[in-house]
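Colleague: Provided herewith: final38.txt, compact mmCIF, C-alpha atoms.
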# COMPACT_ATOMS: atom_id res chain seq x y z
CA MET A 1 7.69 10.52 18.36
CA LYS A 2 9.54 11.78 15.28
CA TYR A 3 13.07 10.42 14.97
CA THR A 4 16.16 12.28 13.82
CA LYS A 5 18.06 10.88 10.84
CA MET A 6 20.79 9.45 13.08
CA GLU A 7 18.23 7.87 15.44
CA ARG A 8 16.41 6.32 12.48
CA ASN A 9 19.59 4.88 10.96
CA TRP A 10 20.64 3.54 14.36
CA VAL A 11 17.29 1.76 14.67
CA MET A 12 17.73 0.32 11.17
CA TYR A 13 20.84 -1.60 12.23
CA ASP A 14 18.59 -3.58 14.57
CA VAL A 15 16.50 -4.46 11.51
CA GLY A 16 19.63 -5.78 9.81
CA ASN A 17 21.30 -7.74 12.60
CA SER A 18 17.99 -9.13 13.92
CA ALA A 19 17.58 -11.09 10.69
CA LEU A 20 20.72 -13.07 11.51
CA VAL A 21 19.71 -13.40 15.17
CA LEU A 22 16.36 -14.84 14.08
CA LEU A 23 18.01 -17.25 11.65
CA ASN A 24 20.46 -18.34 14.36
CA THR A 25 17.70 -19.09 16.87
CA SER A 26 15.38 -20.91 14.46
CA VAL A 27 16.84 -22.35 11.27
CA VAL A 28 20.49 -22.83 12.27
CA PRO A 29 19.90 -25.27 15.19
CA ILE A 30 17.64 -27.37 12.95
CA TYR A 31 20.24 -27.28 10.14
CA PHE A 32 22.97 -28.30 12.58
CA ASN A 33 20.83 -31.20 13.81
CA ALA A 34 20.27 -32.28 10.20
CA ILE A 35 23.98 -32.40 9.29
CA ASN A 36 25.00 -33.88 12.66
CA THR A 37 23.51 -37.31 12.01
CA GLY A 38 23.64 -40.09 14.58
CA ALA A 39 23.69 -37.88 17.69
CA SER A 40 21.11 -38.29 20.47
CA SER A 41 18.74 -35.46 21.44
CA ALA A 42 20.71 -34.84 24.65
CA ASP A 43 24.00 -34.72 22.68
CA LEU A 44 22.53 -32.18 20.24
CA VAL A 45 21.30 -29.90 23.04
CA THR A 46 24.68 -30.20 24.79
CA ALA A 47 26.70 -29.41 21.62
CA TRP A 48 24.54 -26.39 20.83
CA ALA A 49 24.75 -25.11 24.41
CA ASN A 50 28.55 -25.51 24.34
CA ALA A 51 28.78 -23.51 21.10
CA GLN A 52 26.72 -20.69 22.63
CA THR A 53 28.95 -20.79 25.71
CA VAL A 54 32.20 -20.45 23.74
CA ALA A 55 30.87 -17.57 21.64
CA SER A 56 29.58 -15.69 24.69
CA LEU A 57 32.79 -16.23 26.64
CA ALA A 58 34.96 -14.90 23.79
CA VAL A 59 32.90 -11.71 23.47
CA ALA A 60 32.88 -11.18 27.23
CA LEU A 61 36.68 -11.39 27.35
CA LEU A 62 37.26 -9.07 24.39
CA MET A 63 34.77 -6.28 24.93
CA PRO A 64 36.03 -4.39 28.02
CA ILE A 65 39.52 -3.93 26.53
CA LEU A 66 38.39 -3.15 22.98
CA GLY A 67 35.52 -1.06 24.30
CA SER A 68 37.91 1.14 26.25
CA LEU A 69 40.07 1.67 23.15
CA ALA A 70 36.95 2.42 21.10
CA ASP A 71 36.00 5.22 23.49
CA TYR A 72 38.74 7.39 22.01
CA ALA A 73 37.25 9.93 19.62
CA GLY A 74 36.65 8.44 16.16
CA ASN A 75 37.42 4.84 17.15
CA LYS A 76 33.94 3.53 17.89
CA VAL A 77 32.80 3.21 14.28
CA LYS A 78 36.10 1.56 13.27
CA PHE A 79 35.72 -1.23 15.82
CA PHE A 80 32.05 -1.58 14.92
CA LEU A 81 32.90 -1.90 11.22
CA GLY A 82 35.66 -4.45 11.83
CA PHE A 83 33.46 -6.84 13.80
CA PHE A 84 30.50 -6.30 11.47
CA LEU A 85 32.57 -7.27 8.42
CA THR A 86 33.98 -10.30 10.27
CA GLY A 87 30.48 -11.49 11.11
CA LEU A 88 29.21 -10.79 7.60
CA VAL A 89 31.96 -12.76 5.85
CA LEU A 90 31.49 -15.73 8.18
CA CYS A 91 27.72 -15.56 7.79
CA LEU A 92 28.19 -15.95 4.04
CA ALA A 93 30.78 -18.70 4.62
CA GLN A 94 28.15 -20.84 6.36
CA ALA A 95 26.58 -21.35 2.93
CA ILE A 96 29.56 -23.56 2.00
CA PRO A 97 28.91 -27.31 2.50
CA MET A 98 31.01 -28.62 5.40
CA SER A 99 31.02 -31.12 8.25
CA ALA A 100 28.96 -30.52 11.40
CA MET A 101 32.04 -29.70 13.48
CA ALA A 102 33.46 -27.28 10.89
CA PHE A 103 30.07 -25.60 10.61
CA LEU A 104 29.89 -25.20 14.38
CA VAL A 105 33.32 -23.49 14.40
CA VAL A 106 32.30 -21.06 11.63
CA TYR A 107 29.00 -20.42 13.42
CA VAL A 108 30.78 -19.60 16.69
CA LEU A 109 33.18 -17.15 14.94
CA CYS A 110 30.27 -15.54 13.08
CA THR A 111 28.38 -15.16 16.35
CA ILE A 112 31.41 -13.50 17.94
CA GLY A 113 31.50 -10.96 15.09
CA LEU A 114 27.76 -10.34 15.30
CA ASN A 115 27.59 -9.96 19.09
CA SER A 116 30.73 -7.81 19.24
CA SER A 117 29.32 -5.42 16.63
CA MET A 118 26.14 -5.22 18.70
CA THR A 119 28.13 -4.19 21.78
CA PHE A 120 29.60 -1.21 19.92
CA TYR A 121 26.16 -0.55 18.45
CA ASP A 122 24.63 -0.40 21.94
CA ALA A 123 27.37 2.02 23.00
CA MET A 124 26.37 4.33 20.13
CA LEU A 125 23.01 4.97 21.81
CA PRO A 126 24.19 7.92 23.97
CA ASP A 127 25.70 9.47 20.82
CA VAL A 128 22.56 9.27 18.70
CA THR A 129 19.92 10.44 21.19
CA THR A 130 19.29 12.12 24.54
CA ASP A 131 18.42 10.67 27.96
CA ASP A 132 14.75 11.64 27.75
CA ARG A 133 14.36 9.88 24.37
CA MET A 134 16.57 6.88 25.16
CA ASP A 135 13.85 4.45 26.30
CA SER A 136 11.74 5.09 23.20
CA VAL A 137 14.64 4.93 20.75
CA SER A 138 16.06 1.76 22.32
CA SER A 139 12.61 0.09 22.36
CA SER A 140 12.03 1.10 18.73
CA GLY A 141 15.31 -0.56 17.78
CA TYR A 142 14.18 -3.89 19.17
CA ALA A 143 10.62 -3.44 17.88
CA TRP A 144 11.57 -2.67 14.28
CA GLY A 145 14.27 -5.31 14.48
CA TYR A 146 11.67 -7.93 15.32
CA VAL A 147 9.21 -7.06 12.59
CA GLY A 148 11.79 -6.08 9.96
CA SER A 149 13.73 -9.30 10.36
CA THR A 150 10.65 -11.30 9.38
CA ILE A 151 10.91 -10.11 5.75
CA PRO A 152 14.11 -12.01 4.86
CA PHE A 153 13.07 -14.78 7.26
CA ILE A 154 9.81 -15.41 5.40
CA LEU A 155 11.77 -15.44 2.14
CA CYS A 156 14.21 -17.94 3.66
CA ILE A 157 11.43 -20.19 4.96
CA ALA A 158 9.67 -20.08 1.58
CA LEU A 159 12.93 -21.14 -0.05
CA ILE A 160 13.52 -23.99 2.43
CA PHE A 161 10.03 -25.43 2.07
CA GLY A 162 9.29 -24.50 -1.55
CA GLY A 163 12.73 -24.66 -3.10
CA PRO A 164 12.94 -28.46 -3.46
CA GLY A 165 9.72 -28.58 -5.46
CA LEU A 166 10.08 -25.36 -7.47
CA LEU A 167 13.83 -25.19 -8.03
CA GLY A 168 14.79 -28.84 -7.82
CA LEU A 169 17.27 -28.16 -5.01
CA ASP A 170 17.49 -30.31 -1.91
CA THR A 171 16.45 -28.87 1.47
CA LEU A 172 20.02 -28.56 2.80
CA THR A 173 21.11 -26.55 -0.25
CA CYS A 174 18.12 -24.25 0.11
CA THR A 175 18.99 -23.78 3.78
CA ARG A 176 22.56 -22.81 2.87
CA ILE A 177 21.27 -20.13 0.48
CA THR A 178 19.42 -18.52 3.40
CA PHE A 179 22.79 -17.49 4.87
CA ILE A 180 23.48 -15.46 1.72
CA ILE A 181 20.03 -13.82 1.80
CA THR A 182 20.41 -12.94 5.47
CA GLY A 183 23.95 -11.60 5.04
CA LEU A 184 22.91 -9.28 2.22
CA TRP A 185 19.97 -7.99 4.29
CA TRP A 186 22.30 -7.32 7.23
CA LEU A 187 24.66 -5.38 4.94
CA ALA A 188 21.87 -3.29 3.40
CA PHE A 189 20.64 -2.02 6.77
CA THR A 190 24.13 -1.35 8.13
CA VAL A 191 25.30 1.03 5.38
CA PRO A 192 23.00 3.95 6.42
CA LEU A 193 24.35 3.87 9.99
CA LEU A 194 27.95 3.82 8.76
CA ARG A 195 27.28 6.83 6.52
CA THR A 196 25.66 9.07 9.14
CA TYR A 197 26.98 8.07 12.57
CA GLN A 198 28.98 10.71 14.45
CA GLN A 199 30.64 9.97 17.81
CA ARG A 200 29.61 12.84 20.11
CA PHE A 201 31.18 11.58 23.31
CA GLY A 202 34.68 10.18 23.64
CA LYS A 203 38.06 10.40 25.28
CA GLU A 204 40.67 12.69 23.72
CA ARG A 205 42.99 10.93 21.30
CA GLU A 206 46.77 10.88 21.77
CA HIS A 207 48.73 11.13 18.51
CA GLY A 208 51.99 9.51 17.45
CA ALA A 209 53.56 6.14 18.25
CA GLY A 210 54.10 7.14 21.86
CA GLY A 211 50.51 8.33 22.05
CA VAL A 212 49.22 4.98 20.80
CA LEU A 213 51.26 3.05 23.37
CA HIS A 214 50.18 5.48 26.07
CA SER A 215 46.54 5.03 25.04
CA ILE A 216 46.86 1.25 25.32
CA ALA A 217 48.50 1.57 28.74
CA LYS A 218 45.76 3.98 29.85
CA THR A 219 43.16 1.50 28.60
CA PHE A 220 44.25 -1.13 31.13
CA SER A 221 44.62 1.37 33.97
CA GLY A 222 41.25 2.84 32.98
CA LEU A 223 39.60 -0.57 33.26
CA ILE A 224 40.74 -0.78 36.88
CA GLY A 225 39.35 2.71 37.47
CA THR A 226 36.05 1.75 35.88
CA CYS A 227 35.80 -1.30 38.12
CA LYS A 228 36.32 0.93 41.15
CA SER A 229 33.75 3.45 39.88
CA ILE A 230 31.17 0.70 39.40
CA ALA A 231 31.92 -0.74 42.83
CA HIS A 232 31.43 2.67 44.48
CA ASP A 233 28.17 3.40 42.65
CA ARG A 234 25.74 1.16 44.55
CA VAL A 235 22.81 1.72 42.19
CA LEU A 236 24.90 0.83 39.13
CA LEU A 237 26.53 -2.14 40.90
CA VAL A 238 23.28 -3.67 42.11
CA PHE A 239 21.69 -3.21 38.69
CA MET A 240 24.61 -4.92 36.94
CA ILE A 241 24.49 -7.86 39.37
CA ALA A 242 20.75 -8.17 38.81
CA PHE A 243 21.29 -7.88 35.06
CA PHE A 244 23.92 -10.63 35.24
CA PHE A 245 21.33 -13.06 36.56
CA TYR A 246 18.09 -12.11 34.80
CA ILE A 247 19.50 -11.52 31.31
CA ASP A 248 20.94 -15.03 31.55
CA GLY A 249 17.44 -16.44 31.61
CA VAL A 250 16.35 -14.24 28.72
CA HIS A 251 19.33 -15.08 26.49
CA THR A 252 19.28 -18.78 27.33
CA VAL A 253 15.57 -19.13 26.57
CA ILE A 254 16.12 -17.35 23.23
CA SER A 255 19.18 -19.35 22.21
CA MET A 256 17.97 -22.78 23.39
CA ALA A 257 14.25 -22.67 22.52
CA THR A 258 14.44 -24.27 19.08
CA SER A 259 17.03 -26.85 20.13
CA TYR A 260 14.89 -27.77 23.15
CA GLY A 261 11.74 -28.02 21.04
CA ALA A 262 13.50 -30.24 18.51
CA ALA A 263 14.76 -32.48 21.33
CA LEU A 264 11.15 -32.94 22.46
CA GLY A 265 10.28 -34.15 18.95
CA ILE A 266 8.28 -31.11 17.81
CA ASP A 267 8.14 -30.80 14.03
CA SER A 268 10.67 -28.30 12.61
CA THR A 269 7.97 -26.51 10.61
CA GLN A 270 5.99 -25.84 13.78
CA LEU A 271 9.13 -24.59 15.55
CA VAL A 272 10.02 -22.12 12.82
CA LEU A 273 6.50 -20.78 12.33
CA ALA A 274 6.01 -20.35 16.09
CA LEU A 275 9.21 -18.31 16.33
CA LEU A 276 8.00 -16.19 13.42
CA VAL A 277 4.90 -15.39 15.48
CA THR A 278 7.25 -14.35 18.31
CA GLN A 279 8.67 -11.63 16.06
CA PHE A 280 5.25 -10.18 15.22
CA VAL A 281 4.11 -10.25 18.86
CA ALA A 282 7.39 -8.64 19.97
CA PHE A 283 6.96 -5.59 17.70
CA PRO A 284 3.97 -3.94 19.43
CA SER A 285 5.09 -5.29 22.81
CA ALA A 286 8.51 -3.58 22.61
CA ILE A 287 6.91 -0.29 21.50
CA ALA A 288 4.41 -0.56 24.36
CA TYR A 289 7.20 -1.23 26.84
CA GLY A 290 8.96 1.97 25.81
CA ARG A 291 5.78 3.97 26.45
CA LEU A 292 4.93 2.18 29.70
CA ALA A 293 8.45 2.90 30.96
CA GLY A 294 7.74 6.60 30.54
CA ARG A 295 4.55 6.25 32.57
CA PHE A 296 5.45 3.74 35.29
CA GLY A 297 9.26 3.89 35.31
CA THR A 298 11.94 1.93 33.49
CA LEU A 299 13.00 -0.18 36.47
CA ARG A 300 9.46 -1.17 37.36
CA MET A 301 8.79 -2.44 33.85
CA ILE A 302 12.04 -4.45 33.88
CA ILE A 303 10.89 -6.11 37.13
CA VAL A 304 7.54 -7.02 35.53
CA ALA A 305 9.30 -8.62 32.55
CA VAL A 306 11.66 -10.67 34.73
CA ALA A 307 8.74 -11.97 36.81
CA ALA A 308 7.03 -12.97 33.57
CA TYR A 309 10.14 -14.85 32.44
CA VAL A 310 10.12 -16.90 35.63
CA GLY A 311 6.64 -18.03 34.65
CA ILE A 312 7.78 -18.72 31.08
CA VAL A 313 10.59 -21.02 32.26
CA LEU A 314 8.24 -22.91 34.58
CA PHE A 315 5.78 -23.34 31.71
CA ALA A 316 8.52 -24.63 29.39
CA ALA A 317 9.85 -27.11 31.94
CA PHE A 318 6.55 -28.58 33.15
CA PHE A 319 3.98 -28.09 30.38
CA LEU A 320 5.79 -27.89 27.04
CA LYS A 321 5.18 -31.27 25.41
CA SER A 322 3.67 -30.53 22.00
CA ALA A 323 3.57 -27.95 19.21
CA VAL A 324 0.55 -26.21 20.80
CA GLU A 325 2.47 -25.51 23.99
CA PHE A 326 5.47 -24.33 21.94
CA TRP A 327 3.23 -21.80 20.17
CA ILE A 328 2.02 -20.55 23.55
CA LEU A 329 5.64 -20.26 24.70
CA ALA A 330 6.51 -18.30 21.54
CA VAL A 331 3.73 -15.76 22.18
CA LEU A 332 4.71 -15.34 25.84
CA VAL A 333 8.37 -14.80 24.95
CA GLY A 334 7.39 -12.26 22.30
CA MET A 335 5.41 -10.24 24.85
CA PHE A 336 8.39 -9.66 27.17
CA GLN A 337 11.62 -10.38 25.28
CA GLY A 338 12.07 -7.06 23.48
CA GLY A 339 10.89 -4.96 26.40
CA VAL A 340 13.32 -6.34 28.96
CA GLN A 341 16.28 -6.12 26.55
CA ALA A 342 15.49 -2.61 25.31
CA LEU A 343 14.83 -1.12 28.74
CA SER A 344 17.92 -2.76 30.23
CA ARG A 345 20.01 -1.15 27.49
CA SER A 346 18.50 2.31 27.94
CA TYR A 347 18.40 2.17 31.77
CA PHE A 348 22.11 1.37 31.82
CA GLY A 349 22.80 4.16 29.33
CA LYS A 350 21.26 6.69 31.72
CA LEU A 351 23.44 5.57 34.63
CA ILE A 352 26.87 5.79 32.97
CA PRO A 353 29.19 8.65 31.89
CA LYS A 354 28.56 9.25 28.18
CA GLU A 355 32.21 9.85 27.21
CA ARG A 356 33.10 6.35 28.45
CA ALA A 357 30.07 4.58 26.99
CA ASN A 358 32.03 1.86 25.13
CA GLU A 359 34.08 1.00 28.20
CA TYR A 360 31.00 0.77 30.40
CA TYR A 361 29.02 -1.12 27.77
CA GLY A 362 32.01 -3.48 27.58
CA PHE A 363 31.45 -4.28 31.25
CA PHE A 364 27.72 -4.41 30.58
CA ASP A 365 28.53 -7.02 27.95
CA ILE A 366 30.77 -8.92 30.37
CA PHE A 367 27.83 -9.29 32.74
CA GLY A 368 25.49 -10.20 29.89
CA ARG A 369 27.85 -12.61 28.12
CA TYR A 370 29.20 -14.32 31.23
CA ALA A 371 25.59 -14.72 32.30
CA SER A 372 24.89 -16.36 28.93
CA VAL A 373 27.90 -18.60 29.49
CA MET A 374 26.55 -19.61 32.88
CA GLY A 375 23.04 -20.20 31.58
CA THR A 376 23.89 -22.37 28.58
CA LEU A 377 26.58 -24.18 30.57
CA LEU A 378 24.06 -24.88 33.33
CA VAL A 379 21.58 -26.25 30.80
CA SER A 380 24.34 -28.36 29.23
CA ILE A 381 25.52 -29.81 32.57
CA VAL A 382 22.06 -30.56 33.97
CA THR A 383 20.88 -32.07 30.67
CA SER A 384 24.02 -34.23 30.42
CA LEU A 385 23.75 -35.46 34.00
CA THR A 386 20.03 -36.22 33.90
CA ALA A 387 19.51 -36.94 30.17
CA ASP A 388 16.36 -34.81 30.62
CA PRO A 389 16.27 -31.49 28.69
CA SER A 390 13.28 -30.34 30.79
CA LEU A 391 15.37 -30.29 33.95
CA GLY A 392 18.04 -28.34 32.10
CA VAL A 393 15.47 -25.69 31.19
CA LEU A 394 14.13 -25.60 34.75
CA SER A 395 17.59 -24.70 36.08
CA ILE A 396 17.33 -21.32 34.31
CA GLY A 397 14.61 -20.33 36.78
CA ILE A 398 17.16 -20.15 39.62
CA LEU A 399 19.03 -17.37 37.85
CA LEU A 400 15.88 -15.44 36.99
CA VAL A 401 14.69 -15.51 40.60
CA ALA A 402 18.10 -14.23 41.76
CA GLY A 403 17.89 -11.35 39.29
CA PHE A 404 14.34 -10.54 40.38
CA VAL A 405 15.38 -10.34 44.03
CA MET A 406 18.24 -7.96 43.19
CA LEU A 407 15.92 -5.72 41.13
CA VAL A 408 13.47 -5.49 44.02
CA LYS A 409 16.39 -4.51 46.26
CA LEU A 410 17.42 -1.84 43.72
CA SER A 411 13.85 -0.49 43.66
CA SER A 412 13.91 -0.21 47.45
CA MET A 413 17.24 1.64 47.30
CA GLN A 414 15.86 4.16 44.83
CA LYS A 415 12.75 4.75 46.95
CA ALA A 416 14.93 5.33 50.02
CA ARG A 417 16.95 7.95 48.09
CA ALA A 418 13.81 9.76 46.89
Show me this structure written as structure tokens.
Modeller:
Amino acid sequence: MKYTKMERNWVMYDVGNSALVLLNTSVVPIYFNAINTGASSADLVTAWANAQTVASLAVALLMPILGSLADYAGNKVKFFLGFFLTGLVLCLAQAIPMSAMAFLVVYVLCTIGLNSSMTFYDAMLPDVTTDDRMDSVSSSGYAWGYVGSTIPFILCIALIFGGPGLLGLDTLTCTRITFIITGLWWLAFTVPLLRTYQQRFGKEREHGAGGVLHSIAKTFSGLIGTCKSIAHDRVLLVFMIAFFFYIDGVHTVISMATSYGAALGIDSTQLVLALLVTQFVAFPSAIAYGRLAGRFGTLRMIIVAVAAYVGIVLFAAFFLKSAVEFWILAVLVGMFQGGVQALSRSYFGKLIPKERANEYYGFFDIFGRYASVMGTLLVSIVTSLTADPSLGVLSIGILLVAGFVMLVKLSSMQKARA
């Protein structure tokens, strides 16, 4: 499929932000463990899970309100730019030497900027393409994001492992430089989107001071109306409840994988290289998912991916003991991670009114982020109570099974309507 210029530039933002996502899920937990000396493996997993929880909760609280305001014509790109620049500055700030606690605070704020920008980015999808192309464009975003992000990541890994010998810098200093490399990459692939994006759908703006106040008042009343609309649309409601549960498992596995592997004593080099393999596996898998959705149906392919994730969690909890098993886990995650995320984004985009995309994607983000809060919090609580990270990982399976059951129910509802 040949992409339009706006579709192509939209996809490129995934290439930019995915570099930071990859760094956050691989190098950053290891770096945090290195500067947080004296903590036990359970304490490290708990601290990292708590940081993920705070970041997810903040985004979930902000997005519905800001998303509704961003739905006014011309506002979407302004909110996107504001959160992007916030994340970028804080990404670069992580290169400054600081204590473990200070670093964790900067990391959380950077993650809030990154994830908030991605919410507005997701809401741009109905503006840049059409319903019949949405699955393919969304899948291509994840696919190119996975493979494109490996370029700065390989450079960063080469610096971390080769820098001490070639440049005479210590490993921690080399790791800090990777934040600068990743930030510049993110910036480079964001500029084309900012230059070409046009908001096609949006609510009519109200001008003047009174208009601004009225718009804010309408935002809060509109949120109540959106809640009612979602509640009355059974297909949309059941999907969002299912999404709430299954995306929890997906996000928690992604965010906790490296921390969990490190807690099991797996060498950091093996962890990083295995996650690099995940990116390469995810590229063709995400593209394939977009095509399979066109053949077998978007919802059916989401159900397949969620069932696979149940198996992935069981494997991680019961069989992951060494680097070999972690490599197997990395390949399995790569096969389904991009597909389930991309198709969830595009399936939701087909169900909602286009002119209120930001507002609806704000609620979409509530379900996704609160799910992430629940998942990481569940891992944190179970790991703290049992001092066994494996049991913490196993608890994720409960949420995935709940999401799977709701998706099967949704499939039955759609068949009954047909």
Colleague: If we count all atoms listed in the file, what is near region 91-107 of chain A at a cut-off of 6 Å, once residues fewer than 6 positions away on the same chain are taken out, given as a list of chain:residue names?
Modeller: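 Listing them by chain and then by number gives A:Ile35, A:Asn36, A:Arg176, A:Ile177, A:Phe179, A:Ile180.
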Colleague: Which residue is closest to Ser322 (chain A)? Choose from A:Gln270, A:Leu394, A:Ser285, A:Ala293 and count only C-alpha atoms.
Modeller: A:Gln270
Colleague: Grab the CA of Val54 (chain A) to CA of Lys78 (chain A) distance for me, in Å with one decimal place.
Modeller: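 Pair CA of Val54 (chain A) / CA of Lys78 (chain A) returns 24.7 Å.
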Colleague: Considering only C-alpha atoms, can you say which of A:Gln199, A:Pro192, A:Val15, A:Leu400 comes closest to Asn75 (chain A)?
Modeller: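 So, comparing all the options, the nearest one is A:Gln199.
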Colleague: Can you tell me how far CA of Leu399 (chain A) sits from CA of Gly375 (chain A), in Å to one decimal?
Modeller: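 Between CA of Leu399 (chain A) and CA of Gly375 (chain A) the gap works out to 8.0 Å.
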Colleague: Pick out the residues sitting within 12 Å of Pro126 (chain A), and hand them over as a ChimeraX atom specification; count only C-alpha atoms, and ignore anything fewer than 3 positions along from it in its own chain.
Modeller: /A:6-7,10,120-123,129-135,137-138,197-202,345-358,360-361
Colleague: In the coordinate frame of the file, compute which residues have an atom within 12 Å of (7.7, -15.1, 18.1) when using all atoms listed in the file, and state them as JSON, numbers by chain.
Modeller: {"A": [22, 25, 26, 146, 147, 149, 150, 254, 257, 258, 270, 271, 272, 273, 274, 275, 276, 277, 278, 279, 280, 281, 282, 283, 284, 285, 326, 327, 328, 329, 330, 331, 332, 333, 334, 335, 336, 337, 338]}
Colleague: Which residue, A:Gly168, A:Gln341, A:Gly148, A:Ala231, has the smallest gap to His251 (chain A) when you use only C-alpha atoms?
Modeller: A:Gln341
Colleague: Under the rule that all atoms listed in the file are counted, which of A:Ser140, A:Ser395, A:Asn33, A:Thr171 is the nearest residue to Ala317 (chain A)?
Modeller: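 Of the candidates, the smallest distance to Ala317 (chain A) is held by A:Ser395.
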Colleague: Kindly indicate which residue among A:Val253, A:Leu343, A:Leu85, A:Leu385 lies nearest to Ala288 (chain A), using only C-alpha atoms for the distances.
Modeller: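 Looking at the shortest contact to Ala288 (chain A), the residue is A:Leu343.
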Colleague: What's the separation between CA of Ile181 (chain A) and CA of Ile151 (chain A), in Å to one decimal place?
Modeller: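 For CA of Ile181 (chain A) relative to CA of Ile151 (chain A), the distance reads 10.6 Å.
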Colleague: Find the residue from A:Trp186, A:Phe315, A:Phe404, A:Tyr309 that sits nearest to Val250 (chain A); use only C-alpha atoms when measuring.
Modeller: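 Once distances to Val250 (chain A) are computed over only C-alpha atoms, the minimum belongs to A:Tyr309.
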